[in-house]
Amino acid sequence: MSTTDDRRFPAALDAVAEIEFPFGEDGQIDFEPYTDFLPAGETTDWFRAWTGNAEVSGDAYLVFGQDGTGGHAAIWLVREGRPLTEQPVVFLGSEGELGVVAPDLAGFLWVLADGSGPYEAVTDPERASRPNPELVDLAQDFTSGDRRTAAEVVAAADAEFPTFEDDILALCR
């Protein structure tokens with residue numbers, strides 16, 4: 001089975017969807033997790049609208065959440081033959097914000113645990129740590145290895161995928 005055929009929601013994202021992310025208070029995470037991936041057709045419609053390019057598809061993205069303005073967090077299917085949990089997490093914001101949030105799902109969990117959401121990770125990668133005990137516990141339950149800050153995870157993602165933003169912008173019309 002290729003990664004594009006596997007649309008089963010990872011257990012870690014099921015657990016994230018159970019967490020309430022209050023927004024409105026200073027320093028809170030602006031993130032609304034879904035309980036399932038956005039359907040493939042809706043993902044393609046969104047990606048075409050985001051890029052302004054009717055010829056692209058959204059097949060490389062599994063959207064699993066959004067921020068309050070409608071920016072989307074997605075698993076980016078770039079590592080052929082690897083499971084969803086080993087694929088990077090990206091964010092494409094409603095106002096053009098764009099970036100790789102984490103090199104894999106484990107890294108994304110540590111971003112959340114450190115007090116950043118996908119939007120915050122892309123727009124303020126050096127944001128001060130604001131650990132959330134509930135999300136730290138969740139990250140520890142679903143990852144192996146040491147705890148990482150959001151800044152460390154985002155830096156690793158940027159180093160591994162330095163052309164992501166340029167590649168996406170090249171698709172825009």
# chains A, B, ... in the order shown; residues from 1 in each chain; ligands from 1
>>> closest_atom_pairs(of="stretch 3-108 of chain A", to="stretch 146-168 of chain A", cutoff="10 Å", atoms="only C-alpha atoms", output="CSV")
residue,atom,partner,partner_atom,distance
A:Trp50,CA,A:Ile168,CA,10.0
A:Thr51,CA,A:Ile168,CA,7.8
A:Pro88,CA,A:Ala157,CA,7.7
A:Val89,CA,A:Ala157,CA,8.8
A:Val90,CA,A:Phe164,CA,9.2
A:Leu92,CA,A:Ile168,CA,9.5
A:Glu97,CA,A:Glu165,CA,9.4
A:Leu98,CA,A:Glu165,CA,6.3
A:Gly99,CA,A:Glu165,CA,6.0
A:Val100,CA,A:Ala157,CA,5.9
A:Val101,CA,A:Val154,CA,5.4
A:Ala102,CA,A:Ala157,CA,5.1
A:Pro103,CA,A:Ala157,CA,4.7
A:Asp104,CA,A:Ala157,CA,8.4
A:Ala106,CA,A:Val153,CA,9.5
A:Gly107,CA,A:Val153,CA,5.8
A:Phe108,CA,A:Val153,CA,7.7
>>> write_last_selection(atoms="N, CA, C and O atoms", output="tab-separated table (two decimals), in the first residue's frame")
chain	number	residue	atom	x	y	z
A	50	TRP	N	-6.09	27.73	-2.89
A	50	TRP	CA	-4.95	28.33	-2.19
A	50	TRP	C	-3.87	28.76	-3.19
A	50	TRP	O	-3.30	29.84	-3.07
A	51	THR	N	-3.61	27.91	-4.17
A	51	THR	CA	-2.56	28.22	-5.15
A	51	THR	C	-3.07	29.06	-6.31
A	51	THR	O	-2.27	29.65	-7.03
A	88	PRO	N	6.26	14.55	6.93
A	88	PRO	CA	6.27	15.87	7.55
A	88	PRO	C	4.88	16.48	7.68
A	88	PRO	O	3.95	16.11	6.95
A	89	VAL	N	4.77	17.41	8.61
A	89	VAL	CA	3.54	18.17	8.82
A	89	VAL	C	3.79	19.59	8.31
A	89	VAL	O	4.82	20.20	8.62
A	90	VAL	N	2.84	20.10	7.52
A	90	VAL	CA	2.97	21.43	6.94
A	90	VAL	C	1.75	22.28	7.30
A	90	VAL	O	0.72	21.76	7.71
A	92	LEU	N	-0.47	25.68	5.62
A	92	LEU	CA	-0.73	26.66	4.58
A	92	LEU	C	-1.83	27.56	5.11
A	92	LEU	O	-2.98	27.13	5.26
A	97	GLU	N	0.54	32.39	4.82
A	97	GLU	CA	1.55	31.80	5.70
A	97	GLU	C	1.81	30.38	5.20
A	97	GLU	O	0.91	29.68	4.77
A	98	LEU	N	3.07	29.96	5.30
A	98	LEU	CA	3.44	28.71	4.66
A	98	LEU	C	4.71	28.16	5.28
A	98	LEU	O	5.66	28.92	5.52
A	99	GLY	N	4.74	26.86	5.56
A	99	GLY	CA	5.97	26.27	6.04
A	99	GLY	C	5.81	24.85	6.51
A	99	GLY	O	4.70	24.34	6.68
A	100	VAL	N	6.95	24.20	6.71
A	100	VAL	CA	6.99	22.86	7.28
A	100	VAL	C	7.05	23.03	8.79
A	100	VAL	O	7.95	23.68	9.31
A	101	VAL	N	6.10	22.46	9.48
A	101	VAL	CA	5.98	22.59	10.93
A	101	VAL	C	6.87	21.59	11.64
A	101	VAL	O	7.52	21.91	12.64
A	102	ALA	N	6.92	20.36	11.13
A	102	ALA	CA	7.66	19.29	11.78
A	102	ALA	C	8.06	18.24	10.75
A	102	ALA	O	7.33	18.03	9.77
A	103	PRO	N	9.20	17.58	10.97
A	103	PRO	CA	9.63	16.56	10.00
A	103	PRO	C	8.81	15.28	10.05
A	103	PRO	O	8.88	14.46	9.13
A	104	ASP	N	8.00	15.12	11.10
A	104	ASP	CA	7.18	13.91	11.24
A	104	ASP	C	6.11	14.18	12.30
A	104	ASP	O	6.09	15.23	12.94
A	106	ALA	N	5.67	12.77	15.22
A	106	ALA	CA	6.23	12.88	16.58
A	106	ALA	C	6.70	14.31	16.83
A	106	ALA	O	6.43	14.89	17.89
A	107	GLY	N	7.39	14.89	15.87
A	107	GLY	CA	7.83	16.27	16.02
A	107	GLY	C	6.65	17.22	16.18
A	107	GLY	O	6.70	18.15	16.99
A	108	PHE	N	5.58	16.99	15.42
A	108	PHE	CA	4.39	17.83	15.55
A	108	PHE	C	3.81	17.75	16.96
A	108	PHE	O	3.40	18.77	17.53
>>> select_by_dssp(residues="stretch 24-154 of chain A", states="alpha helix (DSSP H)", output="number ranges by chain")
A: 40-51, 105-113, 118-123, 133-142, 150-154
>>> write_last_selection(atoms="N, CA and C atoms", output="CSV table (one decimal), in the first residue's frame")
chain,number,residue,atom,x,y,z
A,40,ALA,N,-10.6,13.8,0.1
A,40,ALA,CA,-9.6,14.0,-0.9
A,40,ALA,C,-10.1,15.1,-1.9
A,41,GLY,N,-11.4,15.0,-2.3
A,41,GLY,CA,-11.9,16.0,-3.2
A,41,GLY,C,-11.9,17.4,-2.6
A,42,GLU,N,-12.3,17.5,-1.4
A,42,GLU,CA,-12.2,18.8,-0.7
A,42,GLU,C,-10.8,19.4,-0.5
A,43,THR,N,-9.9,18.4,-0.3
A,43,THR,CA,-8.5,18.8,-0.2
A,43,THR,C,-8.0,19.4,-1.5
A,44,THR,N,-8.3,18.8,-2.6
A,44,THR,CA,-7.9,19.3,-3.9
A,44,THR,C,-8.6,20.6,-4.2
A,45,ASP,N,-9.8,20.8,-3.9
A,45,ASP,CA,-10.5,22.1,-4.1
A,45,ASP,C,-9.8,23.2,-3.3
A,46,TRP,N,-9.5,22.9,-2.0
A,46,TRP,CA,-8.8,23.8,-1.2
A,46,TRP,C,-7.4,24.2,-1.7
A,47,PHE,N,-6.7,23.2,-2.1
A,47,PHE,CA,-5.3,23.4,-2.6
A,47,PHE,C,-5.3,24.2,-3.9
A,48,ARG,N,-6.3,23.9,-4.8
A,48,ARG,CA,-6.4,24.7,-6.0
A,48,ARG,C,-6.8,26.2,-5.7
A,49,ALA,N,-7.7,26.4,-4.8
A,49,ALA,CA,-8.0,27.7,-4.4
A,49,ALA,C,-6.8,28.4,-3.7
A,50,TRP,N,-6.1,27.7,-2.9
A,50,TRP,CA,-4.9,28.3,-2.2
A,50,TRP,C,-3.9,28.8,-3.2
A,51,THR,N,-3.6,27.9,-4.2
A,51,THR,CA,-2.6,28.2,-5.2
A,51,THR,C,-3.1,29.1,-6.3
A,105,LEU,N,5.2,13.2,12.5
A,105,LEU,CA,4.1,13.4,13.4
A,105,LEU,C,4.6,13.5,14.9
A,106,ALA,N,5.7,12.8,15.2
A,106,ALA,CA,6.2,12.9,16.6
A,106,ALA,C,6.7,14.3,16.8
A,107,GLY,N,7.4,14.9,15.9
A,107,GLY,CA,7.8,16.3,16.0
A,107,GLY,C,6.7,17.2,16.2
A,108,PHE,N,5.6,17.0,15.4
A,108,PHE,CA,4.4,17.8,15.5
A,108,PHE,C,3.8,17.7,17.0
A,109,LEU,N,3.8,16.6,17.5
A,109,LEU,CA,3.3,16.4,18.9
A,109,LEU,C,4.1,17.2,19.9
A,110,TRP,N,5.4,17.3,19.7
A,110,TRP,CA,6.3,18.1,20.6
A,110,TRP,C,6.1,19.6,20.3
A,111,VAL,N,5.8,20.0,19.1
A,111,VAL,CA,5.4,21.4,18.8
A,111,VAL,C,4.2,21.8,19.7
A,112,LEU,N,3.2,20.9,19.6
A,112,LEU,CA,2.0,21.2,20.4
A,112,LEU,C,2.3,21.2,21.9
A,113,ALA,N,3.0,20.2,22.3
A,113,ALA,CA,3.4,20.1,23.8
A,113,ALA,C,4.1,21.3,24.3
A,118,PRO,N,0.3,24.8,14.5
A,118,PRO,CA,0.9,24.9,13.2
A,118,PRO,C,1.1,26.4,12.8
A,119,TYR,N,0.1,27.2,13.0
A,119,TYR,CA,0.2,28.6,12.6
A,119,TYR,C,1.3,29.3,13.4
A,120,GLU,N,1.4,29.1,14.7
A,120,GLU,CA,2.4,29.7,15.5
A,120,GLU,C,3.8,29.2,15.1
A,121,ALA,N,3.9,28.0,14.8
A,121,ALA,CA,5.2,27.4,14.4
A,121,ALA,C,5.8,28.0,13.1
A,122,VAL,N,4.9,28.3,12.2
A,122,VAL,CA,5.3,28.9,10.9
A,122,VAL,C,5.5,30.4,11.0
A,123,THR,N,4.7,31.1,11.8
A,123,THR,CA,4.8,32.6,11.8
A,123,THR,C,5.7,33.1,12.9
A,133,PRO,N,1.0,20.7,30.0
A,133,PRO,CA,1.2,19.3,30.6
A,133,PRO,C,0.4,18.2,30.0
A,134,GLU,N,-0.9,18.5,29.6
A,134,GLU,CA,-1.7,17.5,28.9
A,134,GLU,C,-1.1,17.1,27.6
A,135,LEU,N,-0.6,18.1,26.8
A,135,LEU,CA,0.0,17.8,25.5
A,135,LEU,C,1.4,17.2,25.7
A,136,VAL,N,2.1,17.5,26.8
A,136,VAL,CA,3.4,16.8,27.0
A,136,VAL,C,3.2,15.4,27.3
A,137,ASP,N,2.2,15.0,28.1
A,137,ASP,CA,1.8,13.6,28.4
A,137,ASP,C,1.5,12.9,27.1
A,138,LEU,N,0.7,13.6,26.2
A,138,LEU,CA,0.3,13.0,25.0
A,138,LEU,C,1.5,12.7,24.1
A,139,ALA,N,2.4,13.7,24.0
A,139,ALA,CA,3.6,13.5,23.2
A,139,ALA,C,4.4,12.3,23.7
A,140,GLN,N,4.6,12.3,25.0
A,140,GLN,CA,5.4,11.2,25.6
A,140,GLN,C,4.7,9.8,25.4
A,141,ASP,N,3.4,9.8,25.3
A,141,ASP,CA,2.7,8.5,25.1
A,141,ASP,C,2.9,8.0,23.6
A,142,PHE,N,3.1,8.9,22.7
A,142,PHE,CA,3.1,8.6,21.3
A,142,PHE,C,4.5,8.7,20.6
A,150,ALA,N,9.5,23.5,20.4
A,150,ALA,CA,8.9,23.8,19.1
A,150,ALA,C,10.0,24.4,18.2
A,151,ALA,N,10.8,25.3,18.7
A,151,ALA,CA,11.9,25.9,17.9
A,151,ALA,C,12.9,24.8,17.3
A,152,GLU,N,13.2,23.8,18.1
A,152,GLU,CA,14.1,22.8,17.7
A,152,GLU,C,13.5,21.9,16.6
A,153,VAL,N,12.2,21.6,16.7
A,153,VAL,CA,11.5,20.8,15.7
A,153,VAL,C,11.3,21.6,14.4
A,154,VAL,N,10.9,22.9,14.5
A,154,VAL,CA,10.8,23.7,13.3
A,154,VAL,C,12.1,23.8,12.6
>>> residues_around(residues="stretch 30-35 of chain A", least_positions_apart="6", cutoff="6 Å", atoms="only C-alpha atoms", output="PyMOL selection string")
chain A and resi 17+23+64-67+117
>>> atom_distance(atom1="atom CA of A:Ser129", atom2="atom CA of A:Gln28")
11.4 Å
>>> select_by_dssp(residues="stretch 13-168 of chain A", states="strand (DSSP E)", output="MDAnalysis selection string")
chainID A and resid 32:33 61:66 72:76 89:92 98:102
>>> closest_residue(among="A:Leu38, A:Val16, A:Ile29, A:Cys172", to="A:Ala74", atoms="only C-alpha atoms")
A:Leu38
>>> residues_around(residues="A:Glu95", least_positions_apart="4", cutoff="10 Å", atoms="only C-alpha atoms", output="ChimeraX atom specification")
/A:50,69-71
>>> write_last_selection(atoms="C-alpha atoms", output="mmCIF file, in the first residue's frame")
data_model
loop_
_atom_site.group_PDB
_atom_site.id
_atom_site.type_symbol
_atom_site.label_atom_id
_atom_site.label_comp_id
_atom_site.auth_asym_id
_atom_site.auth_seq_id
_atom_site.Cartn_x
_atom_site.Cartn_y
_atom_site.Cartn_z
ATOM 1 C CA TRP A 50 -4.946 28.335 -2.191
ATOM 2 C CA THR A 69 -8.909 31.829 9.991
ATOM 3 C CA GLY A 70 -9.104 28.653 7.906
ATOM 4 C CA GLY A 71 -5.417 27.932 7.397
#
